[in-house]
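Participant: Sharing coords-v4.pdb (PDB, C-alpha atoms) below.
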ATOM      1  CA  MET A 130      70.859 144.003 -34.133  1.00  0.00           C
ATOM      2  CA  ILE A 131      69.556 140.507 -33.357  1.00  0.00           C
ATOM      3  CA  ILE A 132      68.541 138.525 -36.419  1.00  0.00           C
ATOM      4  CA  ILE A 133      65.584 136.256 -35.763  1.00  0.00           C
ATOM      5  CA  LYS A 134      66.413 132.932 -37.355  1.00  0.00           C
ATOM      6  CA  ILE A 135      63.015 131.247 -37.015  1.00  0.00           C
ATOM      7  CA  SER A 136      59.525 132.537 -36.253  1.00  0.00           C
ATOM      8  CA  VAL A 137      57.531 129.710 -34.675  1.00  0.00           C
ATOM      9  CA  ILE A 138      53.782 130.093 -35.174  1.00  0.00           C
ATOM     10  CA  VAL A 139      51.403 128.417 -32.712  1.00  0.00           C
ATOM     11  CA  PRO A 140      47.642 128.754 -33.248  1.00  0.00           C
ATOM     12  CA  VAL A 141      45.867 128.241 -29.936  1.00  0.00           C
ATOM     13  CA  TYR A 142      42.301 127.047 -29.497  1.00  0.00           C
ATOM     14  CA  ASN A 143      41.138 125.566 -26.174  1.00  0.00           C
ATOM     15  CA  SER A 144      44.530 123.974 -25.545  1.00  0.00           C
ATOM     16  CA  GLU A 145      44.830 124.484 -21.788  1.00  0.00           C
ATOM     17  CA  ASP A 146      45.787 120.844 -21.149  1.00  0.00           C
ATOM     18  CA  THR A 147      48.656 120.759 -23.648  1.00  0.00           C
ATOM     19  CA  LEU A 148      49.690 124.355 -24.304  1.00  0.00           C
ATOM     20  CA  GLU A 149      52.282 124.705 -21.553  1.00  0.00           C
ATOM     21  CA  LYS A 150      54.188 121.647 -22.768  1.00  0.00           C
ATOM     22  CA  CYS A 151      54.025 122.996 -26.314  1.00  0.00           C
ATOM     23  CA  ILE A 152      55.303 126.454 -25.345  1.00  0.00           C
ATOM     24  CA  LEU A 153      58.152 125.084 -23.238  1.00  0.00           C
ATOM     25  CA  SER A 154      59.287 122.798 -26.056  1.00  0.00           C
ATOM     26  CA  VAL A 155      59.736 125.895 -28.231  1.00  0.00           C
ATOM     27  CA  LEU A 156      61.295 128.093 -25.550  1.00  0.00           C
ATOM     28  CA  ASN A 157      63.789 125.343 -24.679  1.00  0.00           C
ATOM     29  CA  GLN A 158      65.161 125.061 -28.214  1.00  0.00           C
ATOM     30  CA  THR A 159      68.941 124.795 -28.522  1.00  0.00           C
ATOM     31  CA  LEU A 160      68.785 127.299 -31.384  1.00  0.00           C
ATOM     32  CA  SER A 161      68.883 130.858 -30.140  1.00  0.00           C
ATOM     33  CA  ASP A 162      67.215 133.840 -31.825  1.00  0.00           C
ATOM     34  CA  ILE A 163      63.771 132.273 -32.134  1.00  0.00           C
ATOM     35  CA  GLU A 164      60.547 134.203 -31.748  1.00  0.00           C
ATOM     36  CA  LEU A 165      57.340 132.484 -30.663  1.00  0.00           C
ATOM     37  CA  ILE A 166      54.050 133.830 -32.022  1.00  0.00           C
ATOM     38  CA  LEU A 167      50.986 132.711 -30.059  1.00  0.00           C
ATOM     39  CA  ILE A 168      47.592 133.549 -31.572  1.00  0.00           C
ATOM     40  CA  ASN A 169      44.601 132.775 -29.363  1.00  0.00           C
ATOM     41  CA  ASP A 170      41.789 131.881 -31.753  1.00  0.00           C
ATOM     42  CA  GLY A 171      38.897 132.696 -29.429  1.00  0.00           C
ATOM     43  CA  SER A 172      39.602 130.071 -26.755  1.00  0.00           C
ATOM     44  CA  ILE A 173      37.037 129.788 -23.987  1.00  0.00           C
ATOM     45  CA  ASP A 174      39.213 127.792 -21.575  1.00  0.00           C
ATOM     46  CA  LYS A 175      42.328 128.912 -19.663  1.00  0.00           C
ATOM     47  CA  SER A 176      44.600 129.084 -22.709  1.00  0.00           C
ATOM     48  CA  GLN A 177      44.872 132.887 -22.491  1.00  0.00           C
ATOM     49  CA  GLU A 178      46.041 132.696 -18.880  1.00  0.00           C
ATOM     50  CA  ILE A 179      48.858 130.378 -19.958  1.00  0.00           C
ATOM     51  CA  ILE A 180      49.762 132.686 -22.852  1.00  0.00           C
ATOM     52  CA  ASP A 181      49.815 135.727 -20.537  1.00  0.00           C
ATOM     53  CA  LYS A 182      52.020 133.878 -18.037  1.00  0.00           C
ATOM     54  CA  TYR A 183      54.718 133.157 -20.605  1.00  0.00           C
ATOM     55  CA  LYS A 184      54.397 136.507 -22.380  1.00  0.00           C
ATOM     56  CA  GLU A 185      55.112 138.224 -19.065  1.00  0.00           C
ATOM     57  CA  LYS A 186      58.057 135.930 -18.437  1.00  0.00           C
ATOM     58  CA  TYR A 187      59.564 136.210 -21.942  1.00  0.00           C
ATOM     59  CA  PRO A 188      58.412 139.589 -23.322  1.00  0.00           C
ATOM     60  CA  ASP A 189      61.258 139.806 -25.844  1.00  0.00           C
ATOM     61  CA  LYS A 190      60.778 136.282 -27.124  1.00  0.00           C
ATOM     62  CA  ILE A 191      56.999 135.994 -27.450  1.00  0.00           C
ATOM     63  CA  LYS A 192      54.448 137.872 -29.556  1.00  0.00           C
ATOM     64  CA  THR A 193      50.761 137.352 -28.850  1.00  0.00           C
ATOM     65  CA  LYS A 194      47.403 138.300 -30.252  1.00  0.00           C
ATOM     66  CA  THR A 195      43.847 137.384 -29.272  1.00  0.00           C
ATOM     67  CA  ILE A 196      41.145 137.208 -31.940  1.00  0.00           C
ATOM     68  CA  GLU A 197      37.575 136.056 -32.257  1.00  0.00           C
ATOM     69  CA  ASN A 198      37.382 132.478 -33.467  1.00  0.00           C
ATOM     70  CA  GLN A 199      38.332 132.356 -37.158  1.00  0.00           C
ATOM     71  CA  GLY A 200      39.826 128.901 -37.627  1.00  0.00           C
ATOM     72  CA  VAL A 201      43.406 127.695 -37.990  1.00  0.00           C
ATOM     73  CA  SER A 202      43.985 129.111 -41.491  1.00  0.00           C
ATOM     74  CA  ASN A 203      43.183 132.724 -40.649  1.00  0.00           C
ATOM     75  CA  THR A 204      44.980 132.365 -37.329  1.00  0.00           C
ATOM     76  CA  ARG A 205      48.182 131.272 -39.072  1.00  0.00           C
ATOM     77  CA  ASN A 206      47.783 134.041 -41.660  1.00  0.00           C
ATOM     78  CA  ILE A 207      47.620 136.679 -38.917  1.00  0.00           C
ATOM     79  CA  ALA A 208      50.788 135.233 -37.412  1.00  0.00           C
ATOM     80  CA  LEU A 209      52.552 135.260 -40.793  1.00  0.00           C
ATOM     81  CA  ASP A 210      51.912 139.005 -41.007  1.00  0.00           C
ATOM     82  CA  MET A 211      53.576 139.399 -37.594  1.00  0.00           C
ATOM     83  CA  ALA A 212      56.588 137.169 -38.288  1.00  0.00           C
ATOM     84  CA  GLU A 213      60.081 138.604 -38.711  1.00  0.00           C
ATOM     85  CA  GLY A 214      62.191 135.440 -38.852  1.00  0.00           C
ATOM     86  CA  GLU A 215      64.432 134.306 -41.680  1.00  0.00           C
ATOM     87  CA  TYR A 216      62.493 131.020 -41.650  1.00  0.00           C
ATOM     88  CA  ILE A 217      58.985 130.094 -40.489  1.00  0.00           C
ATOM     89  CA  GLY A 218      58.036 127.043 -38.443  1.00  0.00           C
ATOM     90  CA  PHE A 219      54.627 125.846 -37.269  1.00  0.00           C
ATOM     91  CA  VAL A 220      53.661 123.952 -34.110  1.00  0.00           C
ATOM     92  CA  ASP A 221      50.093 123.070 -33.143  1.00  0.00           C
ATOM     93  CA  GLY A 222      49.013 123.883 -29.608  1.00  0.00           C
ATOM     94  CA  ASP A 223      48.428 120.249 -28.652  1.00  0.00           C
ATOM     95  CA  ASP A 224      51.793 119.040 -30.012  1.00  0.00           C
ATOM     96  CA  TYR A 225      55.419 119.492 -28.965  1.00  0.00           C
ATOM     97  CA  ILE A 226      58.915 119.229 -30.411  1.00  0.00           C
ATOM     98  CA  GLU A 227      62.396 117.907 -29.654  1.00  0.00           C
ATOM     99  CA  ASN A 228      64.579 120.643 -28.172  1.00  0.00           C
ATOM    100  CA  THR A 229      67.077 120.289 -31.045  1.00  0.00           C
ATOM    101  CA  MET A 230      64.487 120.432 -33.824  1.00  0.00           C
ATOM    102  CA  TYR A 231      64.957 123.969 -35.073  1.00  0.00           C
ATOM    103  CA  GLU A 232      68.739 123.968 -34.673  1.00  0.00           C
ATOM    104  CA  LYS A 233      68.959 120.878 -36.874  1.00  0.00           C
ATOM    105  CA  LEU A 234      66.496 122.184 -39.473  1.00  0.00           C
ATOM    106  CA  TYR A 235      68.073 125.647 -39.569  1.00  0.00           C
ATOM    107  CA  ASN A 236      71.637 124.326 -39.849  1.00  0.00           C
ATOM    108  CA  LYS A 237      70.566 122.055 -42.692  1.00  0.00           C
ATOM    109  CA  ALA A 238      68.924 125.017 -44.447  1.00  0.00           C
ATOM    110  CA  ILE A 239      72.072 127.125 -44.141  1.00  0.00           C
ATOM    111  CA  ASP A 240      74.483 124.304 -45.019  1.00  0.00           C
ATOM    112  CA  GLU A 241      72.554 123.346 -48.162  1.00  0.00           C
ATOM    113  CA  ASN A 242      71.088 126.773 -49.013  1.00  0.00           C
ATOM    114  CA  ALA A 243      67.602 125.256 -48.913  1.00  0.00           C
ATOM    115  CA  ASP A 244      64.324 127.181 -48.936  1.00  0.00           C
ATOM    116  CA  ILE A 245      62.464 124.321 -47.213  1.00  0.00           C
ATOM    117  CA  VAL A 246      63.740 121.690 -44.793  1.00  0.00           C
ATOM    118  CA  VAL A 247      61.644 118.749 -43.585  1.00  0.00           C
ATOM    119  CA  SER A 248      62.116 116.147 -40.873  1.00  0.00           C
ATOM    120  CA  GLY A 249      60.635 112.873 -39.736  1.00  0.00           C
ATOM    121  CA  TYR A 250      58.068 112.942 -36.964  1.00  0.00           C
ATOM    122  CA  PHE A 251      56.423 110.962 -34.185  1.00  0.00           C
ATOM    123  CA  VAL A 252      52.723 110.171 -33.957  1.00  0.00           C
ATOM    124  CA  GLU A 253      51.697 109.847 -30.332  1.00  0.00           C
ATOM    125  CA  ASN A 254      48.367 108.486 -29.149  1.00  0.00           C
ATOM    126  CA  GLU A 255      46.971 107.033 -25.944  1.00  0.00           C
ATOM    127  CA  LYS A 256      48.643 103.672 -26.609  1.00  0.00           C
ATOM    128  CA  ASN A 257      52.043 104.293 -28.204  1.00  0.00           C
ATOM    129  CA  ILE A 258      54.455 106.527 -30.115  1.00  0.00           C
ATOM    130  CA  ARG A 259      55.489 105.630 -33.661  1.00  0.00           C
ATOM    131  CA  THR A 260      57.989 107.212 -36.033  1.00  0.00           C
ATOM    132  CA  TYR A 261      57.179 108.240 -39.603  1.00  0.00           C
ATOM    133  CA  GLN A 262      58.943 109.619 -42.681  1.00  0.00           C
ATOM    134  CA  LEU A 263      62.387 108.336 -41.787  1.00  0.00           C
ATOM    135  CA  GLY A 264      64.992 107.839 -44.490  1.00  0.00           C
ATOM    136  CA  GLY A 265      64.435 108.649 -48.146  1.00  0.00           C
ATOM    137  CA  MET A 266      67.319 111.110 -47.958  1.00  0.00           C
ATOM    138  CA  GLU A 267      68.268 110.460 -51.576  1.00  0.00           C
ATOM    139  CA  GLN A 268      65.040 112.156 -52.685  1.00  0.00           C
ATOM    140  CA  TYR A 269      65.999 115.491 -51.112  1.00  0.00           C
ATOM    141  CA  GLY A 270      68.584 118.195 -51.637  1.00  0.00           C
ATOM    142  CA  LYS A 271      66.762 119.017 -54.887  1.00  0.00           C
ATOM    143  CA  ASN A 272      63.790 121.038 -56.090  1.00  0.00           C
ATOM    144  CA  ILE A 273      60.622 119.525 -57.519  1.00  0.00           C
ATOM    145  CA  LYS A 274      61.671 120.152 -61.116  1.00  0.00           C
ATOM    146  CA  GLU A 275      64.800 118.099 -60.481  1.00  0.00           C
ATOM    147  CA  ASN A 276      62.873 115.447 -58.532  1.00  0.00           C
ATOM    148  CA  PRO A 277      59.062 115.615 -58.582  1.00  0.00           C
ATOM    149  CA  ASN A 278      58.998 112.384 -56.550  1.00  0.00           C
ATOM    150  CA  ILE A 279      59.358 114.622 -53.497  1.00  0.00           C
ATOM    151  CA  PHE A 280      55.574 114.984 -53.862  1.00  0.00           C
ATOM    152  CA  VAL A 281      55.229 111.226 -53.412  1.00  0.00           C
ATOM    153  CA  HIS A 282      57.842 110.548 -50.728  1.00  0.00           C
ATOM    154  CA  GLY A 283      56.964 113.408 -48.375  1.00  0.00           C
ATOM    155  CA  VAL A 284      53.886 114.581 -46.509  1.00  0.00           C
ATOM    156  CA  PRO A 285      52.183 117.982 -46.909  1.00  0.00           C
ATOM    157  CA  TYR A 286      52.167 118.949 -43.229  1.00  0.00           C
ATOM    158  CA  VAL A 287      53.485 122.372 -42.233  1.00  0.00           C
ATOM    159  CA  TRP A 288      54.629 121.326 -38.774  1.00  0.00           C
ATOM    160  CA  ASN A 289      57.572 119.052 -39.671  1.00  0.00           C
ATOM    161  CA  LYS A 290      59.172 121.754 -41.817  1.00  0.00           C
ATOM    162  CA  ILE A 291      60.687 125.213 -41.917  1.00  0.00           C
ATOM    163  CA  PHE A 292      60.094 127.565 -44.850  1.00  0.00           C
ATOM    164  CA  LYS A 293      62.195 130.536 -45.891  1.00  0.00           C
ATOM    165  CA  ARG A 294      60.002 133.551 -45.254  1.00  0.00           C
ATOM    166  CA  ASP A 295      61.155 135.238 -48.473  1.00  0.00           C
ATOM    167  CA  ILE A 296      59.461 132.614 -50.665  1.00  0.00           C
ATOM    168  CA  ILE A 297      56.243 132.944 -48.656  1.00  0.00           C
ATOM    169  CA  GLU A 298      56.184 136.710 -48.892  1.00  0.00           C
ATOM    170  CA  LYS A 299      57.320 137.041 -52.516  1.00  0.00           C
ATOM    171  CA  ASP A 300      53.896 135.898 -53.765  1.00  0.00           C
ATOM    172  CA  LYS A 301      52.151 136.571 -50.427  1.00  0.00           C
ATOM    173  CA  ILE A 302      51.236 132.897 -50.122  1.00  0.00           C
ATOM    174  CA  ARG A 303      48.708 132.357 -47.365  1.00  0.00           C
ATOM    175  CA  PHE A 304      46.433 129.586 -46.065  1.00  0.00           C
ATOM    176  CA  SER A 305      43.067 129.180 -47.759  1.00  0.00           C
ATOM    177  CA  ASN A 306      40.056 129.122 -45.469  1.00  0.00           C
ATOM    178  CA  LEU A 307      39.513 125.366 -45.610  1.00  0.00           C
ATOM    179  CA  ARG A 308      38.465 123.186 -42.688  1.00  0.00           C
ATOM    180  CA  ILE A 309      41.275 120.702 -43.384  1.00  0.00           C
ATOM    181  CA  PHE A 310      43.874 120.251 -46.167  1.00  0.00           C
ATOM    182  CA  GLU A 311      44.816 123.927 -45.829  1.00  0.00           C
ATOM    183  CA  ASP A 312      48.393 122.818 -45.153  1.00  0.00           C
ATOM    184  CA  LEU A 313      48.480 120.601 -48.264  1.00  0.00           C
ATOM    185  CA  GLU A 314      47.701 123.573 -50.484  1.00  0.00           C
ATOM    186  CA  PHE A 315      50.129 125.884 -48.649  1.00  0.00           C
ATOM    187  CA  VAL A 316      53.040 123.411 -48.699  1.00  0.00           C
ATOM    188  CA  TYR A 317      52.723 122.405 -52.344  1.00  0.00           C
ATOM    189  CA  LYS A 318      52.478 126.018 -53.501  1.00  0.00           C
ATOM    190  CA  LEU A 319      55.755 126.674 -51.719  1.00  0.00           C
ATOM    191  CA  TYR A 320      57.305 123.556 -53.257  1.00  0.00           C
ATOM    192  CA  VAL A 321      56.833 125.232 -56.638  1.00  0.00           C
ATOM    193  CA  LYS A 322      58.861 128.232 -55.444  1.00  0.00           C
ATOM    194  CA  ALA A 323      61.621 126.467 -53.482  1.00  0.00           C
ATOM    195  CA  ASN A 324      65.121 126.424 -54.942  1.00  0.00           C
ATOM    196  CA  LYS A 325      65.867 123.320 -52.858  1.00  0.00           C
ATOM    197  CA  ILE A 326      63.981 121.076 -50.430  1.00  0.00           C
ATOM    198  CA  SER A 327      66.272 119.346 -47.933  1.00  0.00           C
ATOM    199  CA  LYS A 328      65.697 116.870 -45.140  1.00  0.00           C
ATOM    200  CA  VAL A 329      66.893 115.979 -41.662  1.00  0.00           C
ATOM    201  CA  GLY A 330      66.482 112.223 -41.504  1.00  0.00           C
ATOM    202  CA  GLU A 331      65.237 111.811 -37.957  1.00  0.00           C
ATOM    203  CA  PRO A 332      61.927 112.383 -36.147  1.00  0.00           C
ATOM    204  CA  LEU A 333      61.821 115.735 -34.337  1.00  0.00           C
ATOM    205  CA  TYR A 334      58.127 116.658 -34.076  1.00  0.00           C
ATOM    206  CA  TYR A 335      55.530 114.989 -31.828  1.00  0.00           C
ATOM    207  CA  TYR A 336      52.101 114.974 -33.439  1.00  0.00           C
ATOM    208  CA  VAL A 337      49.664 114.088 -30.669  1.00  0.00           C
ATOM    209  CA  LYS A 338      46.646 112.306 -32.115  1.00  0.00           C
ATOM    210  CA  ASN A 339      43.706 111.627 -29.838  1.00  0.00           C
ATOM    211  CA  SER A 340      40.562 109.701 -30.682  1.00  0.00           C
ATOM    212  CA  ASN A 341      38.544 112.930 -30.953  1.00  0.00           C
ATOM    213  CA  SER A 342      40.804 114.609 -33.512  1.00  0.00           C
ATOM    214  CA  VAL A 343      39.433 115.646 -36.890  1.00  0.00           C
ATOM    215  CA  THR A 344      41.620 113.167 -38.756  1.00  0.00           C
ATOM    216  CA  ALA A 345      40.643 110.246 -36.517  1.00  0.00           C
ATOM    217  CA  GLN A 346      37.085 110.030 -37.811  1.00  0.00           C
ATOM    218  CA  PHE A 347      35.373 110.665 -41.117  1.00  0.00           C
ATOM    219  CA  SER A 348      33.318 113.806 -41.651  1.00  0.00           C
ATOM    220  CA  ASP A 349      32.282 116.003 -44.557  1.00  0.00           C
ATOM    221  CA  LYS A 350      35.366 118.122 -43.818  1.00  0.00           C
ATOM    222  CA  PHE A 351      37.321 115.612 -45.900  1.00  0.00           C
ATOM    223  CA  LEU A 352      35.489 116.941 -48.964  1.00  0.00           C
ATOM    224  CA  ASP A 353      37.718 120.011 -48.661  1.00  0.00           C
ATOM    225  CA  ILE A 354      40.264 117.998 -50.646  1.00  0.00           C
ATOM    226  CA  ILE A 355      38.298 119.093 -53.739  1.00  0.00           C
ATOM    227  CA  PRO A 356      38.755 122.897 -53.392  1.00  0.00           C
ATOM    228  CA  ALA A 357      42.313 122.321 -52.148  1.00  0.00           C
ATOM    229  CA  ILE A 358      43.234 120.466 -55.357  1.00  0.00           C
ATOM    230  CA  GLN A 359      41.315 122.988 -57.495  1.00  0.00           C
ATOM    231  CA  ASN A 360      43.276 125.828 -55.886  1.00  0.00           C
ATOM    232  CA  LEU A 361      46.546 123.987 -56.511  1.00  0.00           C
ATOM    233  CA  GLU A 362      45.577 123.311 -60.126  1.00  0.00           C
ATOM    234  CA  LYS A 363      44.982 127.022 -60.684  1.00  0.00           C
ATOM    235  CA  TYR A 364      48.226 127.967 -58.947  1.00  0.00           C
ATOM    236  CA  PHE A 365      50.268 125.514 -61.007  1.00  0.00           C
ATOM    237  CA  LYS A 366      48.659 126.805 -64.216  1.00  0.00           C
ATOM    238  CA  ASP A 367      49.358 130.407 -63.198  1.00  0.00           C
ATOM    239  CA  ASN A 368      52.999 129.410 -62.674  1.00  0.00           C
ATOM    240  CA  ASN A 369      53.209 127.599 -66.026  1.00  0.00           C
ATOM    241  CA  CYS A 370      53.999 124.198 -64.550  1.00  0.00           C
ATOM    242  CA  TYR A 371      50.650 122.405 -64.516  1.00  0.00           C
ATOM    243  CA  GLU A 372      51.357 120.065 -67.433  1.00  0.00           C
ATOM    244  CA  GLU A 373      54.726 119.156 -65.927  1.00  0.00           C
ATOM    245  CA  PHE A 374      53.177 118.109 -62.619  1.00  0.00           C
ATOM    246  CA  GLU A 375      49.636 117.118 -63.665  1.00  0.00           C
ATOM    247  CA  ASP A 376      50.182 113.417 -62.914  1.00  0.00           C
ATOM    248  CA  TYR A 377      51.491 114.242 -59.462  1.00  0.00           C
ATOM    249  CA  LEU A 378      48.483 116.438 -58.673  1.00  0.00           C
ATOM    250  CA  ILE A 379      46.178 113.604 -59.714  1.00  0.00           C
ATOM    251  CA  TYR A 380      48.151 111.233 -57.490  1.00  0.00           C
ATOM    252  CA  ILE A 381      47.925 113.651 -54.542  1.00  0.00           C
ATOM    253  CA  ALA A 382      44.164 114.003 -54.976  1.00  0.00           C
ATOM    254  CA  LEU A 383      43.482 110.279 -55.344  1.00  0.00           C
ATOM    255  CA  ASN A 384      45.828 109.376 -52.500  1.00  0.00           C
ATOM    256  CA  HIS A 385      44.108 111.706 -50.047  1.00  0.00           C
ATOM    257  CA  ILE A 386      40.621 110.692 -51.181  1.00  0.00           C
ATOM    258  CA  TYR A 387      41.597 107.051 -50.668  1.00  0.00           C
ATOM    259  CA  ILE A 388      43.087 107.664 -47.221  1.00  0.00           C
TER     260      ILE A 388
END
What would you get if you wrote out this structure as structure tokens?

Facilitator:
Amino acid sequence: MIIIKISVIVPVYNSEDTLEKCILSVLNQTLSDIELILINDGSIDKSQEIIDKYKEKYPDKIKTKTIENQGVSNTRNIALDMAEGEYIGFVDGDDYIENTMYEKLYNKAIDENADIVVSGYFVENEKNIRTYQLGGMEQYGKNIKENPNIFVHGVPYVWNKIFKRDIIEKDKIRFSNLRIFEDLEFVYKLYVKANKISKVGEPLYYYVKNSNSVTAQFSDKFLDIIPAIQNLEKYFKDNNCYEEFEDYLIYIALNHIYI
């Protein structure tokens, strides 16, 4: 019986220009025993044709589903219900990854018995590519009770990480239906549950940021930081650790409001 080491979840919405590069970067991983879950969130371009092409070519490697447009949170939640991997990874349909990314993250997880492993990443735009979140290795190899500064030194993106599926499914943690900051809430809930958060100290994920992206311009979507923090506050209280991490939650809220 083949054990799937990592389920890679890719929500797809009108990504015809970038999707093929994204898919190939996952299929060409040096780590074997990966499944790729492609959820078409009601695309109206040629994204489905690209999905069908690769599903036909790799029927044992790719799972697909097409839904009416529901947004990235519900799309990822549907994929989580389909996932069978030991760990879960996320890639956005307009991004791509180094071909060694999941081998390095998975080996680190196994070597250090970590529930979450993070990496550095690239931010790519029309002008250049820059690296972020390098170093800081001394902060990792611990859980947040041992070192709550992990909240400060890391970033709450899902795509530069892998998460042990057991800790997601134990409390059935899912993405809230927010327009943005859904990953912040998801990641920090899992930080509470992780026995250890480790790091690979090199950039492995390419986050492609164009001038039309949500995070490139201000909109009222940024007000979703308020329900995201409220949901985290409730979760931390339910898990009897709110007082311990109250200052860090305040920092997270103020930091994101400022940014």

Participant: Give me, as a tab-separated table, the closest atom pair and its distance (Å, one decimal) for every residue of stretch 274-337 of chain A within a cut-off of 12 Å of stretch 142-161 of chain A, counting all atoms listed in the file, rows sorted by chain and rising number.

Facilitator:
residue	atom	partner	partner_atom	distance
A:Leu333	CA	A:Ser154	CA	11.2
A:Tyr334	CA	A:Ser154	CA	10.2
A:Tyr335	CA	A:Cys151	CA	9.8
A:Tyr336	CA	A:Cys151	CA	10.9
A:Val337	CA	A:Thr147	CA	9.7

Participant: Given the choices A:Val252, A:Cys370, A:Ile163, A:Leu352, which gets closest to A:Tyr387 if the distance is worked out from all atoms listed in the file?

Facilitator: A:Leu352

Participant: Need to verify the contact set: A:Glu362, 10 Å, all atoms listed in the file, exclusion of same-chain residues closer than 5 positions in sequence. Can you return it as number ranges by chain?

Facilitator: A: 314, 318, 356-357, 367-368, 370-372, 374-375, 378-379

Participant: Please write the residues picked by the PyMOL selection byres ((chain A and resi 194) around 6) on this file as number ranges by chain.

Facilitator: A: 168, 193, 195

Participant: Counting all atoms listed in the file, note down every residue that has an atom within 10 Å of the point (58.3, 110.2, -51.2) (file coordinates), as a PDB file with C-alpha atoms, keeping the file's coordinate frame.

Facilitator:
ATOM      1  CA  GLN A 262      58.943 109.619 -42.681  1.00  0.00           C
ATOM      2  CA  GLY A 264      64.992 107.839 -44.490  1.00  0.00           C
ATOM      3  CA  GLY A 265      64.435 108.649 -48.146  1.00  0.00           C
ATOM      4  CA  MET A 266      67.319 111.110 -47.958  1.00  0.00           C
ATOM      5  CA  GLU A 267      68.268 110.460 -51.576  1.00  0.00           C
ATOM      6  CA  GLN A 268      65.040 112.156 -52.685  1.00  0.00           C
ATOM      7  CA  TYR A 269      65.999 115.491 -51.112  1.00  0.00           C
ATOM      8  CA  PRO A 277      59.062 115.615 -58.582  1.00  0.00           C
ATOM      9  CA  ASN A 278      58.998 112.384 -56.550  1.00  0.00           C
ATOM     10  CA  ILE A 279      59.358 114.622 -53.497  1.00  0.00           C
ATOM     11  CA  PHE A 280      55.574 114.984 -53.862  1.00  0.00           C
ATOM     12  CA  VAL A 281      55.229 111.226 -53.412  1.00  0.00           C
ATOM     13  CA  HIS A 282      57.842 110.548 -50.728  1.00  0.00           C
ATOM     14  CA  GLY A 283      56.964 113.408 -48.375  1.00  0.00           C
ATOM     15  CA  VAL A 284      53.886 114.581 -46.509  1.00  0.00           C
TER      16      VAL A 284
END

Participant: Would you write out, as a CSV table (one decimal) with C-alpha atoms, in the coordinates of the input, every residue that the PyMOL selection byres ((chain A and resi 287-298) around 8) captures in this file?

Facilitator:
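Just written: selection.csv:
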chain,number,residue,atom,x,y,z
A,214,GLY,CA,62.2,135.4,-38.9
A,215,GLU,CA,64.4,134.3,-41.7
A,216,TYR,CA,62.5,131.0,-41.6
A,217,ILE,CA,59.0,130.1,-40.5
A,218,GLY,CA,58.0,127.0,-38.4
A,219,PHE,CA,54.6,125.8,-37.3
A,220,VAL,CA,53.7,124.0,-34.1
A,221,ASP,CA,50.1,123.1,-33.1
A,234,LEU,CA,66.5,122.2,-39.5
A,235,TYR,CA,68.1,125.6,-39.6
A,244,ASP,CA,64.3,127.2,-48.9
A,245,ILE,CA,62.5,124.3,-47.2
A,246,VAL,CA,63.7,121.7,-44.8
A,247,VAL,CA,61.6,118.7,-43.6
A,248,SER,CA,62.1,116.1,-40.9
A,249,GLY,CA,60.6,112.9,-39.7
A,250,TYR,CA,58.1,112.9,-37.0
A,285,PRO,CA,52.2,118.0,-46.9
A,286,TYR,CA,52.2,118.9,-43.2
A,299,LYS,CA,57.3,137.0,-52.5
A,300,ASP,CA,53.9,135.9,-53.8
A,301,LYS,CA,52.2,136.6,-50.4
A,302,ILE,CA,51.2,132.9,-50.1
A,303,ARG,CA,48.7,132.4,-47.4
A,312,ASP,CA,48.4,122.8,-45.2
A,316,VAL,CA,53.0,123.4,-48.7
A,319,LEU,CA,55.8,126.7,-51.7
A,322,LYS,CA,58.9,128.2,-55.4
A,323,ALA,CA,61.6,126.5,-53.5
A,333,LEU,CA,61.8,115.7,-34.3
A,334,TYR,CA,58.1,116.7,-34.1

Participant: One decimal, Å: what's the distance from atom CA of A:Lys175 over to atom CA of A:Tyr187, could you say?

Facilitator: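 Separation of atom CA of A:Lys175 and atom CA of A:Tyr187: 18.9 Å.
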
Participant: Between atom CA of A:Tyr364 and atom CA of A:Tyr317, what is the distance in Å, rounded to a tenth?

Facilitator: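 About the pair atom CA of A:Tyr364 and atom CA of A:Tyr317: they are 9.7 Å apart.
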
Participant: For A:Asn257, which of A:Asn203, A:Asn228, A:Asn339, A:Ile179 is the closest residue, counting only C-alpha atoms?

Facilitator: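 The shortest atom-to-atom distance to A:Asn257 comes from A:Asn339.
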
Participant: Between atom CA of A:Lys328 and atom CA of A:Ser305, what is the distance in Å, rounded to a tenth?

Facilitator: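 According to the coordinates, atom CA of A:Lys328 and atom CA of A:Ser305 are separated by 25.9 Å.
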
Participant: Rank nothing, just name the residue among A:Leu313, A:Val329, A:Met211, A:Ile226 nearest to A:Gln359, using only C-alpha atoms.

Facilitator: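 Selected residue with least distance to A:Gln359: A:Leu313.
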
Participant: Closest to A:Phe315 among A:Ile273, A:Ile355, A:Leu361, A:Ile132, using only C-alpha atoms?

Facilitator: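 Comparing A:Ile273, A:Ile355, A:Leu361, A:Ile132 against A:Phe315, the winner is A:Leu361.
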